[in-house]
Amino acid sequence: MQIATWNVNSLAVRLPQLLEWLSAHPVDAMVLQETKLTDDRFPAAELAAAGYASHAFGQRTYNGVALLARADAVDVVRNIPGFDDDQARVVAGTVGGLRIVGAYMPNGQAPGSEKFAYKIRWLEALAAWLKDELVRHPQLALMGDFNIAPEDRDVHDPVAWAGQIHCTDEERAHFRALLGLGLVDAFRLFEQPPRSWSWWDYRNLAFRRNQGLRIDHVLVSDALRSRVTACSIDKGPRRNERPSDHAPVIATID
DNA sequence: ATGTCACCTGGTAGGTGA
């Protein structure tokens, strides 16, 4: 099976690109971030016509996530149980025996800001929940927009980005804490092109100059790891005329 | 480079978030 994640930066704008992408990449399940749509406006009918059942969890203007699957997901959970959050950032479900946790992790704005403190609280709550979730579902994939570049090799200019948002030691420690639960970065299980990013700023001709960050990830559980045969970033949609600033990440599972 | 894009309010521009 294949699973994918994509921050679409407004599904209202990007729906045609999503449908085109799914037509070329008929993955079994997909998680979306930054749909920016209330659930009553979610394009469930269009996605159903494309062969996907949807579980949307959205809000107006900001955030919003969704889980799409060819075989409908069961045991669907929205946001982190027990963590009071007025932002729609998580949708999880079980597809074909695989637990999929789709997440739009907080951006954090800048170290020291209130949004950064929220990001840290959020990451702590996620890890606490996932620890239990992994016991219930040993075959688990955590994927989405993490808003964390785990290592310097995930940053186009590590000197310029040192200590900046997405690259602070504190954020990276929380990323490693997720790995410590028994997860592995699927992208790094395989040889990859150097300077592989999943996000490029809209400004500064960043995509053309390949100045980006790898902040979108697929983390797989130890029990799932041996079944993962490929993981890649698809830069194709970033070349579209009106692209999302993020590229999809795909993983293949035997 | 304060460089773009999306969405909101409220108005035909400015603010916020990313």
# chains A, B, ... in the order shown; residues from 1 in each chain; ligands from 1
>>> interface_residues(of="chain B", to="chain A", cutoff="8 Å", atoms="only C-alpha atoms (C1' of nucleotides)", output="count of residues only")
7
>>> select_by_dssp(residues="range 22-246 of chain A", states="strand (DSSP E or B)", output="PyMOL selection string")
chain A and resi 29-33+53-57+65-69+74-78+90-95+98-104+140-145+155+183-185+199-200+212-213+216-221+228-233+246
>>> residues_around(residues="Asp132 in chain A", least_positions_apart="6", cutoff="12 Å", atoms="only C-alpha atoms (C1' of nucleotides)", output="compact mmCIF listing (two decimals) with C-alpha atoms, in the first residue's frame")
# COMPACT_ATOMS: atom_id res chain seq x y z
CA ILE A 80 -5.13 14.81 20.81
CA PRO A 81 -7.39 13.10 23.36
CA ALA A 125 0.81 16.22 24.54
CA LEU A 126 1.28 14.48 21.21
CA PRO A 138 1.85 -1.32 16.96
CA LEU A 140 1.46 3.04 13.14
CA LEU A 181 8.81 6.30 21.36
CA GLY A 182 9.76 3.74 18.74
>>> closest_residue(among="A:Lys131, A:His156, A:Arg238, A:Arg121", to="Arg214 in chain A", atoms="only C-alpha atoms")
A:His156
>>> select_by_dssp(residues="range 148-243 of chain A", states="helix (DSSP H, G or I)", output="number ranges by chain")
A: 152-154, 158-161, 169-180, 186-189, 222-225, 236-239
>>> write_last_selection(atoms="N, CA and C atoms", output="tab-separated table (two decimals), in the first residue's frame")
chain	number	residue	atom	x	y	z
A	152	ASP	N	20.55	19.40	10.51
A	152	ASP	CA	21.08	20.43	9.62
A	152	ASP	C	21.00	20.02	8.15
A	153	ARG	N	21.10	18.72	7.86
A	153	ARG	CA	21.02	18.30	6.45
A	153	ARG	C	19.61	18.45	5.90
A	154	ASP	N	18.66	18.82	6.75
A	154	ASP	CA	17.30	19.08	6.30
A	154	ASP	C	17.05	20.58	6.08
A	158	PRO	N	21.99	25.92	6.91
A	158	PRO	CA	21.94	25.68	8.36
A	158	PRO	C	22.52	26.82	9.18
A	159	VAL	N	23.45	27.58	8.63
A	159	VAL	CA	24.02	28.69	9.39
A	159	VAL	C	23.00	29.80	9.55
A	160	ALA	N	22.35	30.15	8.44
A	160	ALA	CA	21.36	31.22	8.50
A	160	ALA	C	20.16	30.82	9.37
A	161	TRP	N	19.83	29.53	9.37
A	161	TRP	CA	18.64	29.06	10.09
A	161	TRP	C	18.95	28.64	11.53
A	169	ASP	N	17.13	23.88	18.90
A	169	ASP	CA	17.47	22.65	19.63
A	169	ASP	C	16.24	22.09	20.33
A	170	GLU	N	15.41	22.99	20.87
A	170	GLU	CA	14.24	22.52	21.63
A	170	GLU	C	13.26	21.77	20.72
A	171	GLU	N	12.99	22.32	19.56
A	171	GLU	CA	12.10	21.62	18.62
A	171	GLU	C	12.71	20.28	18.19
A	172	ARG	N	13.99	20.30	17.90
A	172	ARG	CA	14.65	19.07	17.45
A	172	ARG	C	14.67	18.02	18.56
A	173	ALA	N	14.79	18.46	19.81
A	173	ALA	CA	14.73	17.51	20.92
A	173	ALA	C	13.35	16.85	20.98
A	174	HIS	N	12.32	17.61	20.70
A	174	HIS	CA	10.97	17.03	20.70
A	174	HIS	C	10.78	16.08	19.52
A	175	PHE	N	11.40	16.38	18.41
A	175	PHE	CA	11.36	15.44	17.28
A	175	PHE	C	12.04	14.13	17.68
A	176	ARG	N	13.20	14.24	18.31
A	176	ARG	CA	13.91	13.03	18.75
A	176	ARG	C	13.12	12.28	19.81
A	177	ALA	N	12.36	13.01	20.62
A	177	ALA	CA	11.52	12.34	21.62
A	177	ALA	C	10.46	11.47	20.94
A	178	LEU	N	9.95	11.95	19.81
A	178	LEU	CA	9.01	11.12	19.06
A	178	LEU	C	9.70	9.86	18.55
A	179	LEU	N	10.91	10.01	18.05
A	179	LEU	CA	11.67	8.83	17.60
A	179	LEU	C	11.89	7.88	18.77
A	180	GLY	N	12.10	8.44	19.96
A	180	GLY	CA	12.35	7.64	21.15
A	180	GLY	C	11.17	6.79	21.58
A	186	ALA	N	10.95	7.61	7.98
A	186	ALA	CA	10.94	6.71	6.81
A	186	ALA	C	11.81	7.24	5.68
A	187	PHE	N	11.87	8.55	5.54
A	187	PHE	CA	12.67	9.15	4.45
A	187	PHE	C	14.13	8.75	4.58
A	188	ARG	N	14.63	8.67	5.82
A	188	ARG	CA	16.04	8.37	6.04
A	188	ARG	C	16.34	6.88	6.09
A	189	LEU	N	15.34	6.04	5.86
A	189	LEU	CA	15.60	4.61	5.71
A	189	LEU	C	16.23	4.30	4.35
A	222	ASP	N	8.37	0.90	14.89
A	222	ASP	CA	9.34	-0.19	14.75
A	222	ASP	C	8.70	-1.41	14.09
A	223	ALA	N	7.44	-1.70	14.46
A	223	ALA	CA	6.76	-2.88	13.91
A	223	ALA	C	6.45	-2.72	12.42
A	224	LEU	N	6.35	-1.48	11.97
A	224	LEU	CA	6.04	-1.21	10.57
A	224	LEU	C	7.29	-1.07	9.71
A	225	ARG	N	8.37	-0.73	10.34
A	225	ARG	CA	9.61	-0.36	9.66
A	225	ARG	C	10.04	-1.36	8.57
A	236	GLY	N	6.86	17.53	-7.88
A	236	GLY	CA	6.04	17.88	-9.04
A	236	GLY	C	5.01	18.97	-8.77
A	237	PRO	N	4.18	18.80	-7.75
A	237	PRO	CA	3.13	19.80	-7.52
A	237	PRO	C	3.67	21.20	-7.20
A	238	ARG	N	4.93	21.27	-6.72
A	238	ARG	CA	5.50	22.58	-6.40
A	238	ARG	C	5.81	23.36	-7.68
A	239	ARG	N	5.83	22.65	-8.81
A	239	ARG	CA	6.08	23.31	-10.10
A	239	ARG	C	4.80	23.81	-10.75
>>> closest_residue(among="A:Leu15, A:Trp197, A:Pro111, A:Leu98", to="Pro150 in chain A", atoms="only C-alpha atoms")
A:Trp197
>>> atom_distance(atom1="CA of Pro248 in chain A", atom2="CA of Ala53 in chain A")
19.1 Å
>>> residues_around(residues="Asn63 in chain A", least_positions_apart="6", cutoff="8 Å", atoms="only C-alpha atoms (C1' of nucleotides)", output="list of chain:residue names")
A:Gln33, A:Glu34, A:Thr35, A:Lys36, A:Gln87, A:Ala88, A:Arg89, A:Tyr104
>>> write_last_selection(atoms="N, CA and C atoms", output="PDB file, in the first residue's frame")
ATOM      1  N   GLN A  33      -3.042  18.769   5.332  1.00  0.00           N
ATOM      2  CA  GLN A  33      -2.958  19.811   6.351  1.00  0.00           C
ATOM      3  C   GLN A  33      -3.270  21.169   5.732  1.00  0.00           C
ATOM      4  N   GLU A  34      -3.673  22.086   6.601  1.00  0.00           N
ATOM      5  CA  GLU A  34      -4.048  23.444   6.216  1.00  0.00           C
ATOM      6  C   GLU A  34      -5.143  23.444   5.144  1.00  0.00           C
ATOM      7  N   THR A  35      -6.168  22.652   5.404  1.00  0.00           N
ATOM      8  CA  THR A  35      -7.313  22.678   4.496  1.00  0.00           C
ATOM      9  C   THR A  35      -8.048  24.015   4.579  1.00  0.00           C
ATOM     10  N   LYS A  36      -8.040  24.629   5.750  1.00  0.00           N
ATOM     11  CA  LYS A  36      -8.646  25.960   5.962  1.00  0.00           C
ATOM     12  C   LYS A  36     -10.127  25.989   5.583  1.00  0.00           C
ATOM     13  N   GLN A  87      -7.640  24.470  18.090  1.00  0.00           N
ATOM     14  CA  GLN A  87      -7.147  24.447  16.718  1.00  0.00           C
ATOM     15  C   GLN A  87      -7.224  23.014  16.175  1.00  0.00           C
ATOM     16  N   ALA A  88      -7.695  22.879  14.935  1.00  0.00           N
ATOM     17  CA  ALA A  88      -7.900  21.555  14.323  1.00  0.00           C
ATOM     18  C   ALA A  88      -6.597  21.094  13.679  1.00  0.00           C
ATOM     19  N   ARG A  89      -5.911  20.152  14.347  1.00  0.00           N
ATOM     20  CA  ARG A  89      -4.558  19.791  13.906  1.00  0.00           C
ATOM     21  C   ARG A  89      -4.304  18.303  13.729  1.00  0.00           C
ATOM     22  N   TYR A 104      -0.937  18.333  11.770  1.00  0.00           N
ATOM     23  CA  TYR A 104      -0.420  19.641  11.382  1.00  0.00           C
ATOM     24  C   TYR A 104       0.131  20.292  12.652  1.00  0.00           C
TER      25      TYR A 104
END
